[in-house]
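Data file: work-v7.txt. Format and content: compact mmCIF, C-alpha atoms.
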```txt
# COMPACT_ATOMS: atom_id res chain seq x y z
CA ASN T 1 0.00 0.00 0.00
CA GLU T 2 2.75 2.38 0.89
CA TYR T 3 4.48 1.58 -2.34
CA ARG T 4 1.37 2.31 -4.30
CA THR T 5 0.90 5.76 -2.79
CA PHE T 6 4.58 6.47 -3.30
CA THR T 7 4.40 5.74 -7.04
CA TYR T 8 1.17 7.70 -7.38
CA THR T 9 2.84 10.71 -5.76
CA ILE T 10 5.70 10.57 -8.19
CA TYR T 11 3.39 10.23 -11.15
CA SER T 12 1.47 13.34 -10.27
CA HIS T 13 4.64 15.46 -10.56
CA CYS T 14 4.84 14.88 -14.30
CA GLU T 15 2.27 17.15 -15.72
CA SER T 16 0.91 17.02 -19.20
CA CYS T 17 0.47 20.06 -21.37
CA THR T 18 -2.60 21.02 -23.35
CA ASP T 19 -2.56 23.49 -26.24
CA PRO T 20 1.15 24.34 -26.03
CA VAL T 21 2.22 27.76 -27.24
CA ILE T 22 5.93 27.92 -27.94
CA THR T 23 8.50 30.64 -28.67
CA PRO T 24 11.54 28.82 -30.05
CA SER T 25 15.04 30.08 -30.80
CA ALA T 26 17.88 28.06 -32.20
CA TYR T 27 21.65 28.27 -32.57
CA THR T 28 23.83 26.17 -34.85
CA THR T 29 27.59 26.14 -35.35
CA SER T 30 28.74 28.36 -38.19
CA ASP T 31 32.54 28.03 -38.02
CA ALA T 32 34.05 24.58 -38.41
CA VAL T 33 37.65 25.81 -38.23
CA ILE T 34 37.70 26.46 -34.49
CA SER T 35 35.28 23.78 -33.30
CA SER T 36 35.58 20.02 -33.41
CA GLU T 37 31.86 19.23 -33.88
CA SER T 38 28.72 21.06 -35.04
CA VAL T 39 26.47 21.96 -32.14
CA PHE T 40 22.71 22.53 -32.32
CA ILE T 41 20.89 24.28 -29.46
CA VAL T 42 17.13 24.81 -29.30
CA GLU T 43 15.68 27.03 -26.57
CA LEU T 44 11.99 27.60 -26.14
CA SER T 45 9.44 29.17 -23.87
CA LEU T 46 6.42 26.98 -23.34
CA ALA T 47 3.01 28.16 -22.21
CA CYS T 48 0.33 25.59 -21.55
CA ALA T 49 -3.41 26.17 -21.51
CA ASN T 50 -3.77 24.18 -18.33
CA GLY T 51 -0.98 26.18 -16.65
CA ALA T 52 1.40 23.20 -16.34
CA GLN T 53 4.84 24.43 -15.47
CA SER T 54 7.21 21.45 -15.07
CA VAL T 55 6.57 19.44 -18.17
CA THR T 56 9.00 16.61 -18.86
CA LEU T 57 9.86 16.76 -22.51
CA TYR T 58 11.91 14.66 -24.87
CA ALA T 59 13.20 15.74 -28.24
CA ASP T 60 13.58 13.56 -31.31
CA VAL T 61 15.80 14.64 -34.20
CA ASN T 62 16.39 12.36 -37.18
CA GLY T 63 15.85 9.26 -35.09
CA ARG T 64 17.95 10.34 -32.09
CA GLN T 65 16.30 11.19 -28.78
CA PHE T 66 17.53 13.68 -26.23
CA PRO T 67 16.12 14.81 -22.89
CA VAL T 68 14.99 18.41 -22.68
CA THR T 69 16.31 20.31 -19.67
CA ARG T 70 14.42 22.98 -17.80
CA GLY T 71 15.99 26.40 -17.62
CA GLN T 72 16.28 28.73 -14.64
CA ASP T 73 13.08 30.59 -15.44
CA VAL T 74 9.71 28.93 -15.37
CA GLY T 75 8.56 27.72 -18.74
CA LYS T 76 12.01 27.81 -20.35
CA TYR T 77 13.36 24.61 -21.87
CA GLN T 78 16.53 23.78 -23.72
CA VAL T 79 17.83 20.83 -25.72
CA SER T 80 21.21 20.48 -27.44
CA TRP T 81 23.07 17.86 -29.44
CA SER T 82 26.20 17.69 -31.52
CA LEU T 83 27.22 16.04 -34.76
CA PRO T 84 30.59 15.69 -36.48
CA HIS T 85 30.99 18.41 -39.13
CA LYS T 86 30.71 15.96 -41.99
CA GLN T 87 27.36 14.62 -40.81
CA ALA T 88 25.88 18.02 -40.02
CA SER T 89 24.62 18.86 -43.48
CA SER T 90 22.99 22.20 -44.10
CA GLY T 91 19.22 22.36 -44.37
CA THR T 92 16.17 22.15 -42.15
CA TYR T 93 16.11 19.86 -39.13
CA GLN T 94 12.74 18.95 -37.69
CA VAL T 95 12.82 18.60 -33.90
CA LYS T 96 9.82 16.80 -32.48
CA PHE T 97 8.99 17.30 -28.81
CA PHE T 98 7.22 14.52 -26.91
CA ASP T 99 5.83 14.53 -23.44
CA GLU T 100 5.91 11.48 -21.16
CA GLU T 101 2.97 9.70 -22.70
CA SER T 102 3.83 10.13 -26.34
CA TYR T 103 7.49 9.42 -25.61
CA SER T 104 6.73 6.02 -24.10
CA ALA T 105 4.51 5.32 -27.10
CA LEU T 106 7.42 6.26 -29.34
CA ARG T 107 9.81 3.94 -27.52
CA LYS T 108 7.32 1.13 -27.74
CA ALA T 109 6.94 1.67 -31.47
CA GLN T 110 10.69 1.65 -31.87
CA ARG T 111 11.03 -1.58 -29.97
CA ASN T 112 8.37 -3.26 -32.02
CA ASN T 113 9.71 -1.81 -35.29
CA GLU T 114 6.49 -0.02 -36.01
CA ASP T 115 6.20 3.23 -37.90
CA VAL T 116 7.61 5.90 -35.59
CA ASN T 117 6.23 8.74 -37.71
CA ALA T 118 2.72 7.71 -36.75
CA ILE T 119 3.26 8.90 -33.16
CA GLN T 120 2.16 12.51 -32.92
CA PRO T 121 4.54 14.80 -31.03
CA LEU T 122 3.33 17.44 -28.63
CA PHE T 123 4.75 20.07 -30.97
CA SER T 124 7.68 20.32 -33.38
CA VAL T 125 10.19 23.00 -34.23
CA ASN T 126 12.03 23.42 -37.54
CA ILE T 127 15.52 24.80 -37.33
CA ASP T 128 17.67 25.93 -40.25
CA HIS T 129 21.32 25.00 -40.28
CA ARG T 130 23.26 27.03 -42.80
CA GLY T 131 26.31 24.84 -42.68
CA ALA T 132 29.67 25.45 -41.04
CA TRP T 133 32.57 27.14 -42.84
CA SER T 134 35.63 24.93 -42.96
CA GLY T 135 38.16 27.45 -44.21
CA PRO T 136 39.06 28.93 -47.58
CA TRP T 137 39.67 26.70 -50.59
CA VAL T 138 43.17 28.05 -51.07
CA SER T 139 44.82 29.25 -47.87
CA THR T 140 46.02 32.84 -47.85
CA GLU T 141 49.71 32.04 -47.48
CA VAL T 142 49.62 29.98 -50.68
CA VAL T 143 47.99 32.87 -52.51
CA ALA T 144 50.57 35.30 -51.10
CA ALA T 145 53.44 33.02 -52.08
CA LEU T 146 52.09 32.60 -55.61
CA ILE T 147 51.67 36.33 -56.14
CA GLY T 148 55.16 36.93 -54.75
CA ILE T 149 56.65 34.35 -57.10
CA LEU T 150 54.82 35.90 -60.03
CA VAL T 151 56.16 39.38 -59.25
CA TYR T 152 59.66 38.00 -58.72
CA TYR T 153 59.48 36.20 -62.06
CA MET T 154 58.67 39.48 -63.80
CA ALA T 155 61.57 41.21 -62.05
CA PHE T 156 63.91 38.36 -62.89
CA SER T 157 62.99 38.37 -66.58
CA ALA T 158 63.48 42.14 -66.71
CA LYS T 159 66.91 41.73 -65.14
CA SER T 160 67.83 39.01 -67.65
CA THR T 161 66.75 41.28 -70.51
CA ILE T 162 68.99 44.04 -69.21
CA GLN T 163 71.94 41.72 -68.77
CA ALA T 164 71.52 40.06 -72.15
CA MET S 1 99.77 73.16 -72.46
CA ALA S 2 101.03 70.06 -70.75
CA PRO S 3 99.71 70.83 -67.25
CA LYS S 4 96.39 72.02 -68.64
CA GLY S 5 96.13 68.94 -70.80
CA SER S 6 96.95 66.61 -67.95
CA ASN S 7 94.45 68.39 -65.71
CA LYS S 8 91.78 67.84 -68.29
CA GLN S 9 92.72 64.21 -68.62
CA GLN S 10 92.76 63.84 -64.90
CA SER S 11 89.22 65.15 -64.58
CA GLU S 12 88.08 62.81 -67.30
CA GLU S 13 89.74 59.91 -65.60
CA ASP S 14 88.14 60.92 -62.34
CA LEU S 15 84.80 60.96 -64.04
CA LEU S 16 85.38 57.53 -65.52
CA LEU S 17 86.61 56.17 -62.22
CA GLN S 18 83.53 57.51 -60.54
CA ASP S 19 81.35 55.94 -63.18
CA PHE S 20 82.86 52.54 -62.82
CA SER S 21 83.59 52.43 -59.14
CA ARG S 22 81.45 50.67 -56.62
CA ASN S 23 81.29 53.71 -54.39
CA LEU S 24 77.95 55.30 -53.85
CA SER S 25 77.12 58.94 -53.42
CA ALA S 26 75.66 60.03 -50.11
CA LYS S 27 72.21 60.35 -51.63
CA SER S 28 72.32 56.80 -53.00
CA THR S 29 73.51 55.43 -49.69
CA ALA S 30 70.70 57.17 -47.84
CA LEU S 31 68.18 55.90 -50.40
CA PHE S 32 69.45 52.33 -50.12
CA TYR S 33 69.57 52.20 -46.35
CA GLY S 34 66.16 53.83 -46.01
CA ASN S 35 64.58 51.30 -48.36
CA ALA S 36 66.41 48.41 -46.72
CA LEU S 37 65.12 49.48 -43.32
CA ILE S 38 61.52 49.62 -44.52
CA VAL S 39 61.73 46.23 -46.21
CA SER S 40 63.37 44.65 -43.15
CA ALA S 41 60.65 46.07 -40.94
CA ILE S 42 57.89 44.33 -42.89
CA PRO S 43 58.51 40.81 -41.50
CA ILE S 44 58.19 42.21 -37.96
CA TRP S 45 54.44 42.43 -38.50
CA LEU S 46 54.46 38.89 -39.86
CA PHE S 47 56.17 37.46 -36.79
CA TRP S 48 54.20 39.52 -34.30
CA ARG S 49 50.67 39.07 -35.55
CA ILE S 50 50.72 35.75 -37.36
CA TRP S 51 53.03 33.69 -35.20
CA HIS S 52 52.32 35.55 -31.99
CA MET S 53 55.92 36.32 -31.21
CA ASP S 54 55.49 38.97 -28.57
CA LEU S 55 57.00 42.39 -29.35
CA VAL S 56 58.03 43.29 -25.84
CA GLN S 57 59.39 39.90 -24.87
CA SER S 58 61.51 39.41 -27.97
CA ALA S 59 62.29 43.10 -28.54
CA VAL S 60 66.04 42.53 -28.57
CA LEU S 61 65.73 39.72 -31.10
CA TYR S 62 63.50 41.84 -33.31
CA ALA S 63 65.91 44.79 -33.19
CA VAL S 64 69.00 42.72 -33.93
CA MET S 65 67.26 40.86 -36.75
CA THR S 66 66.02 44.09 -38.34
CA LEU S 67 69.41 45.81 -38.20
CA VAL S 68 71.38 42.87 -39.58
CA SER S 69 68.82 42.33 -42.29
CA THR S 70 68.90 46.06 -43.18
CA TYR S 71 72.65 45.95 -43.60
CA LEU S 72 72.54 42.80 -45.71
CA VAL S 73 69.74 44.03 -47.96
CA ALA S 74 71.51 47.37 -48.53
CA PHE S 75 74.65 45.45 -49.42
CA ALA S 76 72.66 43.41 -51.93
CA TYR S 77 71.19 46.63 -53.40
CA LYS S 78 74.69 47.99 -53.93
CA ASN S 79 75.92 44.84 -55.64
CA VAL S 80 73.00 44.47 -58.01
CA LYS S 81 73.13 48.14 -58.90
CA PHE S 82 76.82 47.94 -59.75
CA VAL S 83 76.28 44.89 -61.92
CA LEU S 84 73.40 46.42 -63.81
CA LYS S 85 74.65 49.97 -64.16
CA HIS S 86 77.02 49.64 -67.08
CA LYS S 87 74.65 47.32 -68.91
CA VAL S 88 71.87 49.85 -68.56
CA ALA S 89 74.28 52.59 -69.68
CA GLN S 90 75.06 50.67 -72.84
CA LYS S 91 71.40 50.30 -73.64
CA ARG S 92 70.51 53.90 -72.99
CA GLU S 93 73.47 55.44 -74.77
CA ASP S 94 71.72 56.17 -78.07
CA ALA S 95 68.66 57.70 -76.51
CA VAL S 96 70.71 59.89 -74.18
CA SER S 97 73.02 61.17 -76.90
CA LYS S 98 70.05 62.07 -79.08
CA GLU S 99 68.44 63.98 -76.27
CA VAL S 100 71.61 65.85 -75.30
CA THR S 101 72.37 66.92 -78.89
CA ARG S 102 68.78 68.00 -79.32
CA LYS S 103 68.91 70.18 -76.20
CA LEU S 104 72.02 72.10 -77.29
CA SER S 105 71.24 75.31 -79.15
CA GLU S 106 72.85 76.18 -82.50
CA ALA S 107 75.39 78.54 -81.02
CA ASP S 108 76.52 76.06 -78.40
CA ASN S 109 76.79 73.42 -81.09
CA ARG S 110 79.40 75.39 -82.98
CA LYS S 111 81.33 76.47 -79.91
CA MET S 112 81.68 73.08 -78.26
CA SER S 113 84.24 70.62 -79.45
CA ARG S 114 83.27 67.07 -80.07
CA LYS S 115 85.09 66.03 -76.96
CA GLU S 116 83.06 68.30 -74.79
CA LYS S 117 79.86 67.03 -76.30
CA ASP S 118 80.93 63.47 -75.69
CA GLU S 119 81.79 64.34 -72.14
CA ARG S 120 78.35 65.81 -71.58
CA ILE S 121 76.73 62.75 -73.11
CA LEU S 122 78.83 60.52 -70.92
CA TRP S 123 77.91 62.43 -67.81
CA LYS S 124 74.23 62.42 -68.64
CA LYS S 125 74.33 58.74 -69.52
CA ASN S 126 76.03 58.01 -66.25
CA GLU S 127 73.37 59.89 -64.32
CA VAL S 128 70.46 58.19 -66.09
CA ALA S 129 71.99 54.72 -65.80
CA ASP S 130 72.76 55.34 -62.13
CA TYR S 131 69.20 56.24 -61.31
CA GLU S 132 67.64 53.46 -63.37
CA ALA S 133 69.98 50.82 -61.96
CA THR S 134 69.31 52.05 -58.42
CA THR S 135 65.54 51.83 -58.70
CA PHE S 136 65.61 48.50 -60.49
CA SER S 137 67.99 47.07 -57.93
CA ILE S 138 65.67 48.14 -55.13
CA PHE S 139 62.64 46.60 -56.87
CA TYR S 140 64.40 43.33 -57.69
CA ASN S 141 65.92 42.85 -54.26
CA ASN S 142 62.70 43.71 -52.47
CA THR S 143 60.70 41.13 -54.40
CA LEU S 144 63.36 38.48 -53.95
CA PHE S 145 63.67 39.15 -50.22
CA LEU S 146 59.93 39.12 -49.54
CA VAL S 147 59.30 36.00 -51.62
CA LEU S 148 62.07 34.18 -49.77
CA VAL S 149 60.72 35.31 -46.39
CA ILE S 150 57.21 34.09 -47.24
CA ILE S 151 58.36 30.76 -48.61
CA ALA S 152 60.85 30.10 -45.83
CA SER S 153 58.51 31.03 -43.01
CA PHE S 154 55.27 29.45 -44.21
CA PHE S 155 56.47 26.36 -46.00
CA LEU S 156 60.01 25.37 -45.13
CA LEU S 157 60.11 26.09 -41.42
CA LYS S 158 56.46 25.57 -40.52
CA ASN S 159 57.08 23.32 -37.56
CA PHE S 160 59.85 25.19 -35.81
CA ASN S 161 59.60 27.43 -32.78
CA PRO S 162 58.99 31.05 -33.79
CA THR S 163 62.31 32.21 -32.36
CA VAL S 164 64.09 30.23 -35.07
CA TYR S 165 62.31 32.26 -37.71
CA PRO S 166 64.33 35.48 -37.39
CA PHE S 167 67.57 33.66 -38.01
CA SER S 168 66.11 31.85 -40.96
CA HIS S 169 64.79 35.07 -42.37
CA MET S 170 68.22 36.61 -42.36
CA SER S 171 69.32 33.88 -44.72
CA PRO S 172 67.12 35.26 -47.55
CA SER S 173 69.08 38.45 -47.31
CA THR S 174 72.36 36.58 -47.43
CA ASP S 175 70.93 34.61 -50.35
CA ASN S 176 70.41 37.88 -52.19
CA ILE S 177 74.00 38.79 -51.64
CA GLY S 178 75.26 35.33 -52.55
CA ILE S 179 73.54 35.51 -55.89
CA ASP S 180 74.87 38.99 -56.48
CA GLU S 181 78.43 38.20 -55.41
CA VAL S 182 78.67 35.54 -58.09
CA ALA S 183 77.36 37.94 -60.69
CA ARG S 184 79.73 40.62 -59.44
CA ILE S 185 82.83 38.48 -59.78
CA LYS S 186 81.87 37.53 -63.31
CA SER S 187 81.24 41.07 -64.36
CA HIS S 188 84.27 42.50 -62.59
CA HIS S 189 86.65 41.38 -65.29
CA THR S 190 84.55 42.68 -68.14
CA THR S 191 84.11 46.10 -66.56
CA LEU S 192 87.82 46.39 -65.90
CA GLN S 193 88.55 45.75 -69.54
CA GLN S 194 85.94 48.22 -70.65
CA HIS S 195 87.28 50.84 -68.31
CA THR S 196 90.79 50.59 -69.65
CA MET S 197 89.55 50.60 -73.24
CA LEU S 198 87.45 53.68 -72.63
CA SER S 199 90.23 55.59 -70.99
CA LEU S 200 92.52 54.73 -73.85
CA ALA S 201 89.91 55.85 -76.36
CA SER S 202 89.45 59.17 -74.64
CA LYS S 203 93.14 59.91 -74.91
CA ILE S 204 93.15 59.51 -78.67
```

Kindly transcribe the structure held in the file into structure tokens.
Amino acid sequence: NEYRTFTYTIYSHCESCTDPVITPSAYTTSDAVISSESVFIVELSLACANGAQSVTLYADVNGRQFPVTRGQDVGKYQVSWSLPHKQASSGTYQVKFFDEESYSALRKAQRNNEDVNAIQPLFSVNIDHRGAWSGPWVSTEVVAALIGILVYYMAFSAKSTIQA
Amino acid sequence: MAPKGSNKQQSEEDLLLQDFSRNLSAKSTALFYGNALIVSAIPIWLFWRIWHMDLVQSAVLYAVMTLVSTYLVAFAYKNVKFVLKHKVAQKREDAVSKEVTRKLSEADNRKMSRKEKDERILWKKNEVADYEATTFSIFYNNTLFLVLVIIASFFLLKNFNPTVYPFSHMSPSTDNIGIDEVARIKSHHTTLQQHTMLSLASKI
């Protein structure tokens, strides 16, 4: 009996959200020269119609799931993940957010090899990744050396003409 | 007649000696050293900003490197100029003589002897060749020095500690001189012959 009440108490902490209204913002890595992997960060403010404030969320991106952490302020959530530069292609990434119920349904579908796209997320956010810059095609010192050699060649041929 | 004649010959010989000597006028020296200083100062920015070799910490190294490099580059300027000067003079002789004869008025033309005209042409030719050889020497040596600094520092010595770089970058300036010394020795004999021939010709 005590166990039962204990589990019921825990269950009531995880609230569900109805009619979510979100304000998302996203950051993606833009410079691949100084970072070892491409990082994606999604931050959002969530307002629920039923006033739920501590919603446990999970994010799914391209088949990978990540837990969503709660920020300092009420209603702020953040999720981040990283990919090696080569795998982080530019384009639109769809991030689906699941609450407890839909997330367990998702896991069940995955285990049974059912269609995971059939599970409806609580809401989803599309983020644009413009791609990370991995440096110039020809490094500047090579360009400088080539121009220098060209100018020297002109000077050398002029000198040879004079001395001929 | 004899003292006057010998005085005249002496001044001509002096002029020829001056033309063919390696000595520079004060103005040329100042020009060369000024240019050499500027060109030697350029790699300072390279070392400081690109390889983060601190200015204050390595100030002594920077100063020594710049001064030695200045001296070596100015030496290279002098050598290349000497080698090129008489070649340039040969090429410009026709143009200069045409211009000098054109500038003389009719009255002067009759008064001056051929010798005096030739002397004027020679002097003018010497001045033009001097200036052209000077500027070309500066251009040539600057490009050679900077190309060698870039190649040595970015490609050949990429993996060394930055303090090695200054010493390596003084070798481009010695390279310049090495190349010019060889050319100088070769041309030394020919100029000596020409000098003696010219002085003999002027006495006829």

Give me, as CSV, the closest atom pair and its distance (Å, one decimal) for every residue of chain S within a cut-off of 6 Å of chain T, counting all atoms listed in the file, rows sorted by chain and rising number.
```
residue,atom,partner,partner_atom,distance
S:Tyr140,CA,T:Ala155,CA,5.6
S:Thr143,CA,T:Tyr152,CA,5.4
S:Val147,CA,T:Gly148,CA,5.3
```

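Separating atom CA of T:Ser157 from atom CA of S:Leu24 is a distance of 25.9 Å.
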
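Shortest separation to T:Pro84 among T:Asp115, T:Glu15, T:Asp60, T:Glu37 occurs at residue T:Glu37, atoms counted being all atoms listed in the file.
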
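Residues in contact with S:Arg120 at 12 Å, where only C-alpha atoms are counted and same-chain residues fewer than 2 positions away are skipped, are listed as Glu12, Leu15, Glu93, Val96, Ser97, Lys98, Glu99, Val100, Thr101, Lys103, Leu104, Met112, Ser113, Arg114, Lys115, Glu116, Lys117, Asp118, Leu122, Trp123, Lys124, Lys125, Asn126 and Glu127 of chain S.
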
Separating atom CA of T:Ile41 from atom CA of T:Trp137, to the nearest tenth of an Å, is a gap of 28.4 Å

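One distance worth recording is that between atom CA of S:Gln90 and atom CA of S:Lys78, which is 19.1 Å.
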
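For the residues T:Gln110, T:Ser35, T:Ala88, T:Thr69, ranking by smallest atom-to-atom distance to T:Asp128 using all atoms listed in the file places T:Ala88 first.
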
> If you count all atoms listed in the file, which residues fall within 8 Å of T:Lys96, apart from same-chain ones fewer than 6 positions away, as a PyMOL selection string?
Replying inline: chain T and resi 59-61+121-125

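Residues in contact with S:Leu67 at 12 Å, where all atoms listed in the file are counted and same-chain residues fewer than 2 positions away are skipped, are listed as Tyr33, Gly34, Ala36, Leu37, Ile38, Val39, Ser40, Ala41, Ile44, Val60, Leu61, Tyr62, Ala63, Val64, Met65, Ser69, Thr70, Tyr71, Leu72, Val73, Ala74, Pro166, Met170 and Ser173 of chain S.
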
Using C-alpha atoms, can you write the selected residues to a file as an mmCIF file, in the coordinates of the input?
```cif
data_model
loop_
_atom_site.group_PDB
_atom_site.id
_atom_site.type_symbol
_atom_site.label_atom_id
_atom_site.label_comp_id
_atom_site.auth_asym_id
_atom_site.auth_seq_id
_atom_site.Cartn_x
_atom_site.Cartn_y
_atom_site.Cartn_z
ATOM 1 C CA TYR S 33 69.570 52.200 -46.350
ATOM 2 C CA GLY S 34 66.160 53.830 -46.010
ATOM 3 C CA ALA S 36 66.410 48.410 -46.720
ATOM 4 C CA LEU S 37 65.120 49.480 -43.320
ATOM 5 C CA ILE S 38 61.520 49.620 -44.520
ATOM 6 C CA VAL S 39 61.730 46.230 -46.210
ATOM 7 C CA SER S 40 63.370 44.650 -43.150
ATOM 8 C CA ALA S 41 60.650 46.070 -40.940
ATOM 9 C CA ILE S 44 58.190 42.210 -37.960
ATOM 10 C CA VAL S 60 66.040 42.530 -28.570
ATOM 11 C CA LEU S 61 65.730 39.720 -31.100
ATOM 12 C CA TYR S 62 63.500 41.840 -33.310
ATOM 13 C CA ALA S 63 65.910 44.790 -33.190
ATOM 14 C CA VAL S 64 69.000 42.720 -33.930
ATOM 15 C CA MET S 65 67.260 40.860 -36.750
ATOM 16 C CA SER S 69 68.820 42.330 -42.290
ATOM 17 C CA THR S 70 68.900 46.060 -43.180
ATOM 18 C CA TYR S 71 72.650 45.950 -43.600
ATOM 19 C CA LEU S 72 72.540 42.800 -45.710
ATOM 20 C CA VAL S 73 69.740 44.030 -47.960
ATOM 21 C CA ALA S 74 71.510 47.370 -48.530
ATOM 22 C CA PRO S 166 64.330 35.480 -37.390
ATOM 23 C CA MET S 170 68.220 36.610 -42.360
ATOM 24 C CA SER S 173 69.080 38.450 -47.310
#
```

Axis-aligned box for all listed atoms of stretch 115-130 of chain T, 8 Å per side, centre and edges in Å to one decimal, as JSON:
```
{"center_x": 12.7, "center_y": 15.1, "center_z": -35.7, "size_x": 37.1, "size_y": 39.8, "size_z": 30.2}
```

In terms of all atoms listed in the file, the residue from S:Asn23, S:Phe32, S:Trp45, S:Trp51 at minimal distance from S:Phe154 is S:Trp51

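Distance annotation: of S:Leu46, S:Ala26, S:Val128, S:Ile121, the residue with the minimal separation from S:Arg102 is S:Ile121; atom set is only C-alpha atoms.
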
- prompt: Which neighbours of T:Tyr58 fall inside 7 Å, counting only C-alpha atoms, when residues of the same chain fewer than 5 positions from it are skipped, and could you give them as a list in words?
  reply: Gln65, Phe66, Pro67, Val68, Phe97, Phe98, Asp99 and Tyr103 of chain T

Please, can stretch 25-37 of chain S be completed to N, CA, C and O atoms and returned as an mmCIF file, in the coordinates of the input?
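Written output follows (result-v4.cif):
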```
data_model
loop_
_atom_site.group_PDB
_atom_site.id
_atom_site.type_symbol
_atom_site.label_atom_id
_atom_site.label_comp_id
_atom_site.auth_asym_id
_atom_site.auth_seq_id
_atom_site.Cartn_x
_atom_site.Cartn_y
_atom_site.Cartn_z
ATOM 1 N N SER S 25 77.218 57.576 -53.951
ATOM 2 C CA SER S 25 77.120 58.940 -53.420
ATOM 3 C C SER S 25 76.328 58.880 -52.117
ATOM 4 O O SER S 25 75.693 57.877 -51.804
ATOM 5 N N ALA S 26 76.359 60.001 -51.395
ATOM 6 C CA ALA S 26 75.660 60.030 -50.110
ATOM 7 C C ALA S 26 74.165 59.854 -50.297
ATOM 8 O O ALA S 26 73.496 59.161 -49.522
ATOM 9 N N LYS S 27 73.659 60.449 -51.385
ATOM 10 C CA LYS S 27 72.210 60.350 -51.630
ATOM 11 C C LYS S 27 71.820 58.903 -51.898
ATOM 12 O O LYS S 27 70.817 58.410 -51.374
ATOM 13 N N SER S 28 72.626 58.214 -52.706
ATOM 14 C CA SER S 28 72.320 56.800 -53.000
ATOM 15 C C SER S 28 72.355 55.962 -51.741
ATOM 16 O O SER S 28 71.515 55.086 -51.535
ATOM 17 N N THR S 29 73.385 56.217 -50.919
ATOM 18 C CA THR S 29 73.510 55.430 -49.690
ATOM 19 C C THR S 29 72.275 55.628 -48.813
ATOM 20 O O THR S 29 71.720 54.657 -48.290
ATOM 21 N N ALA S 30 71.872 56.895 -48.675
ATOM 22 C CA ALA S 30 70.700 57.170 -47.840
ATOM 23 C C ALA S 30 69.469 56.473 -48.411
ATOM 24 O O ALA S 30 68.685 55.865 -47.678
ATOM 25 N N LEU S 31 69.314 56.542 -49.737
ATOM 26 C CA LEU S 31 68.180 55.900 -50.400
ATOM 27 C C LEU S 31 68.172 54.392 -50.140
ATOM 28 O O LEU S 31 67.155 53.797 -49.781
ATOM 29 N N PHE S 32 69.351 53.776 -50.302
ATOM 30 C CA PHE S 32 69.450 52.330 -50.120
ATOM 31 C C PHE S 32 69.152 51.931 -48.692
ATOM 32 O O PHE S 32 68.392 50.986 -48.440
ATOM 33 N N TYR S 33 69.763 52.611 -47.737
ATOM 34 C CA TYR S 33 69.570 52.200 -46.350
ATOM 35 C C TYR S 33 68.148 52.455 -45.891
ATOM 36 O O TYR S 33 67.574 51.649 -45.143
ATOM 37 N N GLY S 34 67.555 53.563 -46.374
ATOM 38 C CA GLY S 34 66.160 53.830 -46.010
ATOM 39 C C GLY S 34 65.238 52.729 -46.514
ATOM 40 O O GLY S 34 64.410 52.186 -45.776
ATOM 41 N N ASN S 35 65.403 52.371 -47.803
ATOM 42 C CA ASN S 35 64.580 51.300 -48.360
ATOM 43 C C ASN S 35 64.817 49.975 -47.658
ATOM 44 O O ASN S 35 63.883 49.223 -47.394
ATOM 45 N N ALA S 36 66.089 49.686 -47.368
ATOM 46 C CA ALA S 36 66.410 48.410 -46.720
ATOM 47 C C ALA S 36 65.751 48.341 -45.346
ATOM 48 O O ALA S 36 65.243 47.285 -44.942
ATOM 49 N N LEU S 37 65.724 49.468 -44.644
ATOM 50 C CA LEU S 37 65.120 49.480 -43.320
ATOM 51 C C LEU S 37 63.627 49.191 -43.403
ATOM 52 O O LEU S 37 63.079 48.387 -42.633
#
```
